[in-house]
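Participant: The structure file target-v2.csv (CSV, C-alpha atoms) is provided below.
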```csv
chain,number,residue,atom,x,y,z
A,1,MET,CA,118.7,-119.5,-55.4
A,2,SER,CA,117.0,-118.1,-58.4
A,3,GLN,CA,114.8,-116.0,-56.1
A,4,PHE,CA,117.1,-113.1,-56.4
A,5,SER,CA,118.2,-110.9,-59.2
A,6,PRO,CA,121.1,-112.4,-61.3
A,7,LEU,CA,123.7,-109.9,-60.0
A,8,ILE,CA,122.8,-110.7,-56.4
A,9,ASP,CA,123.0,-114.4,-57.0
A,10,GLU,CA,126.4,-113.9,-58.6
A,11,LEU,CA,127.7,-112.0,-55.6
A,12,ILE,CA,126.5,-114.7,-53.2
A,13,GLU,CA,128.2,-117.3,-55.4
A,14,ALA,CA,131.4,-115.2,-55.6
A,15,LEU,CA,131.6,-114.8,-51.9
A,16,ARG,CA,131.7,-118.5,-51.4
A,17,CYS,CA,135.3,-118.6,-52.7
A,18,LEU,CA,136.2,-117.3,-49.2
A,19,PRO,CA,137.3,-120.1,-46.8
A,20,GLY,CA,134.7,-121.0,-44.3
A,21,VAL,CA,131.9,-119.2,-46.1
A,22,GLY,CA,128.9,-121.4,-47.0
A,23,PRO,CA,125.6,-120.4,-48.8
A,24,LYS,CA,124.0,-118.9,-45.7
A,25,SER,CA,126.9,-116.8,-44.7
A,26,ALA,CA,127.4,-115.6,-48.3
A,27,GLN,CA,123.8,-114.5,-48.3
A,28,ARG,CA,124.1,-112.7,-45.0
A,29,MET,CA,127.3,-111.0,-46.2
A,30,THR,CA,125.6,-109.9,-49.5
A,31,PHE,CA,122.6,-108.4,-47.8
A,32,GLN,CA,124.8,-106.7,-45.1
A,33,LEU,CA,127.0,-105.1,-47.7
A,34,LEU,CA,124.3,-104.0,-50.0
A,35,GLU,CA,121.9,-102.8,-47.4
A,36,ARG,CA,124.3,-101.2,-44.9
A,37,ASN,CA,127.8,-100.9,-46.2
A,38,ARG,CA,128.2,-99.9,-49.8
A,39,PRO,CA,131.4,-97.9,-49.1
A,40,GLY,CA,132.9,-101.0,-47.4
A,41,ALA,CA,131.9,-103.1,-50.3
A,42,GLN,CA,133.5,-100.7,-52.8
A,43,ARG,CA,136.7,-100.4,-50.8
A,44,LEU,CA,136.9,-104.2,-50.5
A,45,ALA,CA,136.4,-104.6,-54.2
A,46,SER,CA,139.1,-102.2,-55.0
A,47,VAL,CA,141.7,-103.5,-52.5
A,48,LEU,CA,141.0,-107.1,-53.6
A,49,ALA,CA,141.4,-106.3,-57.3
A,50,ARG,CA,144.7,-104.5,-56.6
A,51,ALA,CA,146.0,-107.2,-54.3
A,52,ALA,CA,145.1,-110.0,-56.7
A,53,GLU,CA,147.0,-108.2,-59.4
A,54,GLN,CA,150.0,-106.7,-57.6
A,55,VAL,CA,150.9,-109.1,-54.8
A,56,GLY,CA,153.8,-111.4,-55.7
A,57,HIS,CA,156.6,-113.0,-53.8
A,58,CYS,CA,159.5,-111.5,-52.0
A,59,ARG,CA,162.7,-112.1,-54.1
A,60,SER,CA,164.6,-113.0,-50.9
A,61,CYS,CA,162.3,-115.1,-48.8
A,62,ARG,CA,159.3,-115.9,-51.1
A,63,THR,CA,156.7,-114.6,-48.7
A,64,LEU,CA,153.7,-112.7,-50.2
A,65,THR,CA,154.3,-109.0,-50.8
A,66,GLU,CA,153.5,-106.4,-53.4
A,67,ARG,CA,157.1,-105.1,-53.2
A,68,GLU,CA,160.3,-106.6,-54.6
A,69,GLU,CA,161.5,-107.4,-51.1
A,70,CYS,CA,159.2,-107.8,-48.0
A,71,PRO,CA,159.5,-105.4,-45.0
A,72,ILE,CA,161.3,-108.1,-42.9
A,73,CYS,CA,164.0,-108.9,-45.5
A,74,ALA,CA,164.4,-105.1,-46.2
A,75,ASP,CA,164.9,-104.4,-42.5
A,76,SER,CA,168.7,-104.2,-41.9
A,77,ARG,CA,168.2,-104.3,-38.1
A,78,ARG,CA,167.2,-108.0,-38.3
A,79,ASP,CA,169.8,-110.6,-37.6
A,80,GLN,CA,171.0,-111.6,-41.1
A,81,GLN,CA,172.8,-114.7,-39.7
A,82,THR,CA,169.7,-116.7,-38.8
A,83,ILE,CA,167.0,-117.9,-41.2
A,84,CYS,CA,163.8,-119.6,-40.0
A,85,VAL,CA,162.2,-121.8,-42.6
A,86,VAL,CA,158.4,-121.9,-42.5
A,87,GLU,CA,155.7,-123.3,-44.8
A,88,SER,CA,153.5,-120.2,-45.2
A,89,PRO,CA,153.2,-116.5,-44.7
A,90,ALA,CA,150.8,-117.1,-41.8
A,91,ASP,CA,153.5,-119.0,-40.0
A,92,VAL,CA,155.7,-115.9,-40.3
A,93,LEU,CA,153.0,-113.9,-38.6
A,94,ALA,CA,152.7,-116.4,-35.8
A,95,PHE,CA,156.4,-116.0,-35.0
A,96,GLU,CA,156.3,-112.2,-35.4
A,97,GLN,CA,153.4,-112.0,-33.0
A,98,GLY,CA,155.5,-113.7,-30.4
A,99,GLY,CA,158.2,-111.1,-31.0
A,100,ASP,CA,161.1,-113.2,-29.7
A,101,TYR,CA,162.6,-114.0,-33.1
A,102,ARG,CA,164.8,-111.3,-34.7
A,103,GLY,CA,166.2,-113.2,-37.6
A,104,LEU,CA,165.1,-113.6,-41.2
A,105,TYR,CA,162.6,-116.1,-42.7
A,106,PHE,CA,162.3,-118.2,-45.7
A,107,VAL,CA,158.8,-119.1,-46.8
A,108,LEU,CA,158.5,-122.4,-48.7
A,109,MET,CA,154.9,-121.6,-49.8
A,110,GLY,CA,154.1,-125.2,-49.3
A,111,ARG,CA,155.8,-128.5,-48.4
A,112,LEU,CA,157.4,-131.4,-50.3
A,113,SER,CA,154.6,-133.7,-51.4
A,114,PRO,CA,155.5,-136.2,-54.1
A,115,ILE,CA,151.9,-137.4,-54.6
A,116,ASP,CA,150.8,-133.8,-55.3
A,117,GLY,CA,153.8,-133.4,-57.6
A,118,ILE,CA,155.4,-130.8,-55.3
A,119,GLY,CA,159.1,-131.2,-55.5
A,120,PRO,CA,162.2,-129.2,-54.2
A,121,GLU,CA,162.0,-126.7,-57.1
A,122,ASP,CA,158.4,-125.8,-56.1
A,123,ILE,CA,159.3,-124.9,-52.6
A,124,GLY,CA,162.3,-122.8,-53.6
A,125,VAL,CA,165.1,-124.9,-52.2
A,126,ASP,CA,167.5,-123.5,-54.8
A,127,LEU,CA,166.8,-120.0,-53.7
A,128,LEU,CA,167.2,-121.0,-50.1
A,129,VAL,CA,170.6,-122.5,-50.8
A,130,GLU,CA,171.6,-119.4,-52.7
A,131,ARG,CA,170.5,-117.1,-49.9
A,132,VAL,CA,172.2,-119.2,-47.2
A,133,LYS,CA,175.5,-119.0,-49.1
A,134,ALA,CA,175.1,-115.2,-49.9
A,135,LEU,CA,174.4,-114.3,-46.3
A,136,GLY,CA,176.9,-116.7,-44.7
A,137,VAL,CA,174.1,-117.9,-42.4
A,138,SER,CA,175.2,-119.3,-39.0
A,139,GLU,CA,172.0,-121.1,-38.1
A,140,LEU,CA,169.0,-122.4,-40.1
A,141,ILE,CA,165.9,-123.1,-38.0
A,142,LEU,CA,163.5,-125.6,-39.4
A,143,ALA,CA,159.9,-124.6,-38.4
A,144,THR,CA,157.9,-126.7,-40.9
A,145,ASN,CA,154.7,-128.3,-39.4
A,146,PRO,CA,155.1,-131.5,-37.5
A,147,THR,CA,153.2,-133.5,-40.1
A,148,VAL,CA,154.6,-136.3,-42.3
A,149,GLU,CA,155.1,-134.0,-45.2
A,150,GLY,CA,156.5,-131.2,-43.0
A,151,GLU,CA,159.0,-133.6,-41.4
A,152,ALA,CA,160.1,-134.9,-44.8
A,153,THR,CA,160.6,-131.4,-46.0
A,154,ALA,CA,162.6,-130.5,-42.9
A,155,TYR,CA,164.8,-133.6,-43.4
A,156,PHE,CA,165.3,-132.8,-47.1
A,157,ILE,CA,166.4,-129.3,-46.3
A,158,SER,CA,168.7,-130.4,-43.5
A,159,GLU,CA,170.5,-132.7,-46.0
A,160,GLN,CA,171.1,-129.8,-48.3
A,161,MET,CA,172.5,-127.7,-45.5
A,162,ARG,CA,174.7,-130.4,-44.3
A,163,ARG,CA,176.4,-130.3,-47.6
A,164,LEU,CA,177.0,-126.6,-47.2
A,165,GLY,CA,178.2,-127.1,-43.7
A,166,VAL,CA,175.5,-124.9,-42.2
A,167,PRO,CA,174.3,-125.7,-38.6
A,168,VAL,CA,170.6,-126.7,-38.7
A,169,SER,CA,168.1,-126.8,-35.8
A,170,ARG,CA,164.4,-127.9,-35.5
A,171,ILE,CA,161.9,-126.1,-33.3
A,172,ALA,CA,160.9,-128.1,-30.2
A,173,HIS,CA,157.8,-130.2,-30.2
A,174,GLY,CA,156.1,-131.0,-26.9
A,175,VAL,CA,153.3,-130.1,-24.5
A,176,PRO,CA,152.0,-126.6,-25.3
A,177,LEU,CA,152.0,-124.1,-22.5
A,178,GLY,CA,148.7,-124.3,-20.5
A,179,GLY,CA,148.1,-127.7,-22.0
A,180,GLU,CA,147.2,-130.6,-19.7
A,181,LEU,CA,149.1,-133.9,-20.1
A,182,GLU,CA,145.8,-135.8,-19.8
A,183,TYR,CA,144.6,-134.3,-23.1
A,184,VAL,CA,147.8,-134.3,-25.1
A,185,ASP,CA,148.0,-136.9,-27.8
A,186,SER,CA,150.6,-139.7,-27.5
A,187,GLY,CA,152.7,-138.5,-30.5
A,188,THR,CA,153.2,-135.1,-28.8
A,189,LEU,CA,154.0,-136.8,-25.5
A,190,ALA,CA,156.6,-139.0,-27.1
A,191,HIS,CA,158.2,-135.9,-28.6
A,192,ALA,CA,158.0,-134.1,-25.3
A,193,LEU,CA,159.8,-137.0,-23.6
A,194,LYS,CA,162.4,-137.4,-26.3
A,195,GLY,CA,163.2,-133.7,-26.3
A,196,ARG,CA,163.5,-133.4,-22.5
A,197,GLN,CA,166.2,-131.0,-21.1
A,198,ARG,CA,168.1,-130.8,-17.9
A,199,PHE,CA,166.0,-129.0,-15.2
A,200,GLU,CA,168.0,-126.2,-13.7
B,1,MET,CA,149.7,-106.2,-38.0
B,2,SER,CA,152.6,-104.2,-39.5
B,3,GLN,CA,154.4,-107.5,-40.2
B,4,PHE,CA,152.9,-107.7,-43.7
B,5,SER,CA,153.3,-105.5,-46.7
B,6,PRO,CA,150.9,-102.5,-46.7
B,7,LEU,CA,148.6,-103.8,-49.5
B,8,ILE,CA,148.2,-107.2,-47.6
B,9,ASP,CA,147.4,-105.3,-44.4
B,10,GLU,CA,144.9,-103.3,-46.3
B,11,LEU,CA,143.2,-106.4,-47.7
B,12,ILE,CA,143.0,-108.0,-44.2
B,13,GLU,CA,141.4,-104.8,-42.9
B,14,ALA,CA,139.0,-104.5,-45.8
B,15,LEU,CA,137.7,-108.1,-45.4
B,16,ARG,CA,136.7,-107.2,-41.9
B,17,CYS,CA,133.7,-105.3,-43.2
B,18,LEU,CA,132.1,-108.7,-43.8
B,19,PRO,CA,129.8,-109.7,-41.0
B,20,GLY,CA,131.3,-112.4,-38.7
B,21,VAL,CA,134.8,-111.9,-40.0
B,22,GLY,CA,137.4,-111.1,-37.3
B,23,PRO,CA,141.1,-110.5,-37.6
B,24,LYS,CA,142.1,-114.2,-37.7
B,25,SER,CA,139.5,-115.1,-40.4
B,26,ALA,CA,140.4,-112.1,-42.4
B,27,GLN,CA,144.0,-113.2,-42.4
B,28,ARG,CA,143.1,-116.7,-43.4
B,29,MET,CA,140.9,-115.4,-46.2
B,30,THR,CA,143.7,-113.1,-47.4
B,31,PHE,CA,146.3,-115.9,-47.6
B,32,GLN,CA,143.9,-118.4,-49.1
B,33,LEU,CA,142.9,-116.0,-51.9
B,34,LEU,CA,146.4,-114.8,-52.6
B,35,GLU,CA,148.1,-118.2,-52.4
B,36,ARG,CA,145.5,-120.4,-54.0
B,37,ASN,CA,142.7,-118.5,-55.6
B,38,ARG,CA,143.6,-115.4,-57.6
B,39,PRO,CA,140.9,-115.9,-60.2
B,40,GLY,CA,138.3,-116.2,-57.4
B,41,ALA,CA,139.6,-113.1,-55.8
B,42,GLN,CA,139.5,-111.2,-59.1
B,43,ARG,CA,136.0,-112.4,-59.8
B,44,LEU,CA,134.8,-111.5,-56.4
B,45,ALA,CA,136.3,-108.0,-56.7
B,46,SER,CA,134.6,-107.4,-60.0
B,47,VAL,CA,131.2,-108.7,-59.0
B,48,LEU,CA,131.4,-106.8,-55.7
B,49,ALA,CA,132.2,-103.5,-57.5
B,50,ARG,CA,129.4,-104.0,-60.0
B,51,ALA,CA,126.8,-105.0,-57.3
B,52,ALA,CA,127.8,-102.1,-55.0
B,53,GLU,CA,127.2,-99.7,-57.9
B,54,GLN,CA,124.3,-101.2,-59.7
B,55,VAL,CA,122.0,-102.8,-57.2
B,56,GLY,CA,119.1,-100.6,-56.2
B,57,HIS,CA,115.6,-101.2,-55.0
B,58,CYS,CA,112.7,-102.8,-56.9
B,59,ARG,CA,110.2,-99.9,-57.8
B,60,SER,CA,107.3,-102.1,-56.8
B,61,CYS,CA,108.4,-104.0,-53.6
B,62,ARG,CA,111.6,-102.2,-52.6
B,63,THR,CA,113.7,-105.4,-52.4
B,64,LEU,CA,117.3,-105.3,-53.6
B,65,THR,CA,117.7,-105.8,-57.3
B,66,GLU,CA,119.8,-104.4,-60.2
B,67,ARG,CA,116.7,-104.2,-62.4
B,68,GLU,CA,113.8,-101.7,-62.3
B,69,GLU,CA,111.5,-104.4,-61.0
B,70,CYS,CA,112.6,-107.6,-59.2
B,71,PRO,CA,111.9,-111.1,-60.8
B,72,ILE,CA,109.1,-111.8,-58.4
B,73,CYS,CA,107.2,-108.6,-59.1
B,74,ALA,CA,107.8,-109.0,-62.8
B,75,ASP,CA,106.4,-112.6,-62.7
B,76,SER,CA,102.8,-112.3,-63.9
B,77,ARG,CA,102.0,-115.9,-62.8
B,78,ARG,CA,102.3,-114.8,-59.1
B,79,ASP,CA,99.0,-114.0,-57.3
B,80,GLN,CA,98.7,-110.3,-57.6
B,81,GLN,CA,95.9,-110.1,-55.0
B,82,THR,CA,98.1,-111.0,-52.0
B,83,ILE,CA,101.0,-109.1,-50.6
B,84,CYS,CA,103.2,-110.3,-47.8
B,85,VAL,CA,105.1,-107.6,-45.9
B,86,VAL,CA,108.5,-108.5,-44.6
B,87,GLU,CA,111.4,-106.6,-43.1
B,88,SER,CA,114.3,-107.6,-45.4
B,89,PRO,CA,115.2,-109.4,-48.6
B,90,ALA,CA,116.5,-112.3,-46.6
B,91,ASP,CA,112.9,-112.8,-45.3
B,92,VAL,CA,111.7,-113.0,-48.9
B,93,LEU,CA,114.2,-115.8,-49.5
B,94,ALA,CA,113.0,-117.7,-46.4
B,95,PHE,CA,109.4,-117.7,-47.7
B,96,GLU,CA,110.5,-118.6,-51.3
B,97,GLN,CA,112.6,-121.5,-50.0
B,98,GLY,CA,109.4,-122.9,-48.5
B,99,GLY,CA,107.7,-122.6,-51.8
B,100,ASP,CA,104.2,-122.4,-50.4
B,101,TYR,CA,103.6,-118.8,-51.0
B,102,ARG,CA,102.7,-117.6,-54.5
B,103,GLY,CA,101.7,-114.0,-53.9
B,104,LEU,CA,103.8,-110.8,-54.0
B,105,TYR,CA,106.0,-109.3,-51.3
B,106,PHE,CA,106.6,-105.8,-50.0
B,107,VAL,CA,110.0,-105.3,-48.3
B,108,LEU,CA,110.2,-102.6,-45.7
B,109,MET,CA,114.0,-102.6,-45.7
B,110,GLY,CA,113.8,-102.1,-41.9
B,111,ARG,CA,111.2,-101.6,-39.2
B,112,LEU,CA,109.7,-98.6,-37.4
B,113,SER,CA,112.2,-97.5,-34.8
B,114,PRO,CA,111.6,-94.0,-33.4
B,115,ILE,CA,114.8,-94.0,-31.2
B,116,ASP,CA,116.8,-94.7,-34.4
B,117,GLY,CA,114.8,-92.0,-36.3
B,118,ILE,CA,113.2,-94.6,-38.6
B,119,GLY,CA,109.7,-93.4,-39.4
B,120,PRO,CA,106.9,-94.6,-41.8
B,121,GLU,CA,108.5,-92.8,-44.8
B,122,ASP,CA,111.8,-94.7,-44.3
B,123,ILE,CA,110.1,-98.1,-44.6
B,124,GLY,CA,108.1,-97.1,-47.6
B,125,VAL,CA,104.6,-97.1,-46.2
B,126,ASP,CA,103.4,-94.6,-48.8
B,127,LEU,CA,104.6,-96.9,-51.6
B,128,LEU,CA,102.9,-99.9,-49.9
B,129,VAL,CA,99.6,-98.0,-49.7
B,130,GLU,CA,99.8,-96.9,-53.3
B,131,ARG,CA,100.6,-100.5,-54.4
B,132,VAL,CA,97.8,-102.0,-52.4
B,133,LYS,CA,95.4,-99.5,-54.1
B,134,ALA,CA,96.7,-100.1,-57.6
B,135,LEU,CA,96.6,-103.9,-57.4
B,136,GLY,CA,93.2,-104.0,-55.5
B,137,VAL,CA,94.8,-106.4,-53.0
B,138,SER,CA,92.5,-108.8,-51.3
B,139,GLU,CA,94.8,-109.8,-48.4
B,140,LEU,CA,97.8,-108.2,-46.8
B,141,ILE,CA,99.9,-110.6,-44.7
B,142,LEU,CA,102.1,-109.1,-42.0
B,143,ALA,CA,105.3,-111.1,-41.6
B,144,THR,CA,107.5,-108.6,-39.7
B,145,ASN,CA,109.6,-110.2,-37.0
B,146,PRO,CA,108.0,-110.9,-33.6
B,147,THR,CA,110.1,-108.3,-31.8
B,148,VAL,CA,108.8,-105.1,-30.1
B,149,GLU,CA,109.7,-103.0,-33.2
B,150,GLY,CA,108.4,-105.6,-35.6
B,151,GLU,CA,105.0,-105.8,-33.8
B,152,ALA,CA,104.8,-102.0,-33.7
B,153,THR,CA,105.5,-101.9,-37.4
B,154,ALA,CA,102.8,-104.5,-38.0
B,155,TYR,CA,100.3,-102.6,-35.9
B,156,PHE,CA,101.0,-99.3,-37.7
B,157,ILE,CA,100.6,-100.9,-41.2
B,158,SER,CA,97.4,-102.7,-40.1
B,159,GLU,CA,96.0,-99.3,-39.1
B,160,GLN,CA,96.8,-97.9,-42.6
B,161,MET,CA,95.1,-100.8,-44.2
B,162,ARG,CA,92.0,-100.6,-42.1
B,163,ARG,CA,91.4,-97.1,-43.5
B,164,LEU,CA,91.7,-98.6,-47.0
B,165,GLY,CA,89.3,-101.4,-46.0
B,166,VAL,CA,91.9,-104.1,-46.9
B,167,PRO,CA,91.8,-107.4,-44.9
B,168,VAL,CA,95.0,-107.8,-43.0
B,169,SER,CA,96.5,-111.0,-41.4
B,170,ARG,CA,99.5,-111.8,-39.3
B,171,ILE,CA,101.6,-114.9,-39.6
B,172,ALA,CA,101.1,-117.4,-36.8
B,173,HIS,CA,103.6,-117.5,-33.9
B,174,GLY,CA,103.9,-120.6,-31.9
B,175,VAL,CA,106.0,-123.7,-31.3
B,176,PRO,CA,108.3,-124.4,-34.3
B,177,LEU,CA,108.0,-127.8,-36.0
B,178,GLY,CA,110.4,-130.3,-34.4
B,179,GLY,CA,110.6,-128.0,-31.4
B,180,GLU,CA,110.2,-129.4,-27.9
B,181,LEU,CA,107.8,-127.7,-25.5
B,182,GLU,CA,110.3,-128.0,-22.7
B,183,TYR,CA,112.8,-125.8,-24.5
B,184,VAL,CA,110.4,-123.2,-25.9
B,185,ASP,CA,110.4,-119.8,-24.2
B,186,SER,CA,107.3,-118.7,-22.4
B,187,GLY,CA,106.5,-115.8,-24.8
B,188,THR,CA,106.3,-118.3,-27.7
B,189,LEU,CA,104.2,-120.7,-25.6
B,190,ALA,CA,101.8,-117.9,-24.7
B,191,HIS,CA,101.4,-117.1,-28.4
B,192,ALA,CA,101.0,-120.8,-29.2
B,193,LEU,CA,98.2,-121.1,-26.7
B,194,LYS,CA,96.5,-117.9,-27.7
B,195,GLY,CA,96.6,-118.9,-31.4
B,196,ARG,CA,95.3,-122.4,-30.9
B,197,GLN,CA,92.9,-123.8,-33.5
B,198,ARG,CA,90.2,-126.4,-33.4
B,199,PHE,CA,91.7,-129.9,-33.9
B,200,GLU,CA,90.0,-131.7,-36.8
```
Could you write out this structure as structure tokens?

Facilitator:
Amino acid sequence: MSQFSPLIDELIEALRCLPGVGPKSAQRMTFQLLERNRPGAQRLASVLARAAEQVGHCRSCRTLTEREECPICADSRRDQQTICVVESPADVLAFEQGGDYRGLYFVLMGRLSPIDGIGPEDIGVDLLVERVKALGVSELILATNPTVEGEATAYFISEQMRRLGVPVSRIAHGVPLGGELEYVDSGTLAHALKGRQRFE
Amino acid sequence: MSQFSPLIDELIEALRCLPGVGPKSAQRMTFQLLERNRPGAQRLASVLARAAEQVGHCRSCRTLTEREECPICADSRRDQQTICVVESPADVLAFEQGGDYRGLYFVLMGRLSPIDGIGPEDIGVDLLVERVKALGVSELILATNPTVEGEATAYFISEQMRRLGVPVSRIAHGVPLGGELEYVDSGTLAHALKGRQRFE
């Protein structure tokens, strides 16, 4: 790509740190920004620099935030007796978009993964235990992903909670709404069958 | 999207100025950068700010560059007698990736478009005429896009060149290599037929 001036090459290369952006998209983004949207580029540069520097973790739930405590933890109208444990901030958003859940969250920022050297201290289990004790939580909902590592993480946390005597639940896994049985994988079907409930 | 902290919302919003990036991708990019790639984010912010401020146009061919003259115009080994006229810097790249063309370029940074108020002065026709005179160009190749506006632009420039007595050519339009006749549109086929050459 030595056809361009060095700074333009550098911008194309730098844009490739974005997920899903290959060489062609990076080129297209570069030209679009430089030809048509300098104010947008300048604004993006400034917000990005500030976010990369200032965003840290919520001291209560570990999600990403530039404040000491995230807006959800700081909101006293949320149900302080229920904590939903998720793997990432994007999972929090998924629940919030549904709007049915009014409790708090705890964001592991990952999952247990011994081969990657990710242990309980990396996913903040100590902080979770502390928080559960401090709030006197009446239910802990495990919403880690239904992968091998997500299940192992859920199991590990449930063991910790058992010691504290805190009731633990796991979100249901089954056929998604609008899904057709024909196209659902056998693992999901097995879960759906096992998790069946009385029809009323 | 008020579920996040303001700075994170702002970053998601700012990323949407990139072409092809909707709300979901912007979210994914934000989390990826903040969770896993702060150095990449910081580098992108810095390069973007510098590029938005420093990149201007080559004084000879109008392409994007942070220098006075772009690397191609500054390269004395290029054939100074031939100029290829294209609409955008991305078109220059397309030719350069082929590697068959060794002449210079002139980048219109757009095309004539009366309804958008884009006239000859906006696409730098004066500069092109000046440059053609100064270099004593022996061939001007028109490589604007085969759209209505691109064709009108090509026609307008060819008229200017006719007055200067400079030979003008237009790149061939026809069936692309590897293309199947069955799937080629009728306009392209008409061009292919009209532009046929003796088979040797």

Participant: Each residue of chain A with at least one atom at most 6 Å from chain B should appear once, together with its nearest atom pair and the corresponding distance in Å (one decimal); atoms considered: all atoms listed in the file; ordering: chain, then increasing residue number; output as a tab-separated table.

Facilitator:
```
residue	atom	partner	partner_atom	distance
A:Ser5	CA	B:Thr65	CA	5.5
A:Leu11	CA	B:Val47	CA	5.9
A:Ala14	CA	B:Leu44	CA	5.1
A:Leu18	CA	B:Met29	CA	5.9
A:Pro19	CA	B:Met29	CA	6.0
A:Met29	CA	B:Leu18	CA	5.8
A:Arg38	CA	B:Ala52	CA	5.7
A:Gln42	CA	B:Ala49	CA	5.6
A:Leu44	CA	B:Ala14	CA	5.2
A:Ala45	CA	B:Ala45	CA	4.2
A:Val47	CA	B:Leu11	CA	5.8
A:Leu48	CA	B:Ala45	CA	5.7
A:Ala49	CA	B:Ala45	CA	5.4
A:Ala52	CA	B:Arg38	CA	5.7
A:Thr65	CA	B:Ser5	CA	5.5
```

Participant: Just the selected residues (C-alpha atoms), exported as a PDB file, in the frame of the given file, please.

Facilitator:
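Generated output (selection34.pdb):
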```pdb
ATOM      1  CA  SER A   5     118.200-110.900 -59.200  1.00  0.00           C
ATOM      2  CA  LEU A  11     127.700-112.000 -55.600  1.00  0.00           C
ATOM      3  CA  ALA A  14     131.400-115.200 -55.600  1.00  0.00           C
ATOM      4  CA  LEU A  18     136.200-117.300 -49.200  1.00  0.00           C
ATOM      5  CA  PRO A  19     137.300-120.100 -46.800  1.00  0.00           C
ATOM      6  CA  MET A  29     127.300-111.000 -46.200  1.00  0.00           C
ATOM      7  CA  ARG A  38     128.200 -99.900 -49.800  1.00  0.00           C
ATOM      8  CA  GLN A  42     133.500-100.700 -52.800  1.00  0.00           C
ATOM      9  CA  LEU A  44     136.900-104.200 -50.500  1.00  0.00           C
ATOM     10  CA  ALA A  45     136.400-104.600 -54.200  1.00  0.00           C
ATOM     11  CA  VAL A  47     141.700-103.500 -52.500  1.00  0.00           C
ATOM     12  CA  LEU A  48     141.000-107.100 -53.600  1.00  0.00           C
ATOM     13  CA  ALA A  49     141.400-106.300 -57.300  1.00  0.00           C
ATOM     14  CA  ALA A  52     145.100-110.000 -56.700  1.00  0.00           C
ATOM     15  CA  THR A  65     154.300-109.000 -50.800  1.00  0.00           C
TER      16      THR A  65
END
```

Participant: Please report the interatomic distance between CA of Asp75 (chain B) and CA of Asp91 (chain B) in Å with one decimal.

Facilitator: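 It comes out at 18.6 Å.
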
Participant: Would you compute the distance between CA of Leu112 (chain B) and CA of Arg196 (chain B)? Give it in Å to one decimal.

Facilitator: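 Spanning CA of Leu112 (chain B) to CA of Arg196 (chain B) is a straight-line distance of 28.6 Å.
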
Participant: List as a PyMOL selection string the protein and nucleic acid residues near Ala152 (chain B), meaning an atom at most 12 Å away when all atoms listed in the file are counted, but skip any in the same chain fewer than 2 places from it.

Facilitator: chain B and resi 111-114+119-120+142+144-150+154-159

Participant: Taking all atoms listed in the file into account, name the residue in A:Leu127, A:Ile83, A:Leu189, A:Ile115 that is nearest to Arg59 (chain A).

Facilitator: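 The shortest atom-to-atom distance to Arg59 (chain A) comes from A:Leu127.
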
Participant: Residues within 10 Å of Ser60 (chain A), please, as a VMD selection string. Count all atoms listed in the file; anything in the same chain fewer than 6 positions from it doesn't count.

Facilitator: chain A and resid 68 to 70 72 to 74 104 to 107 127 to 128 130 to 131
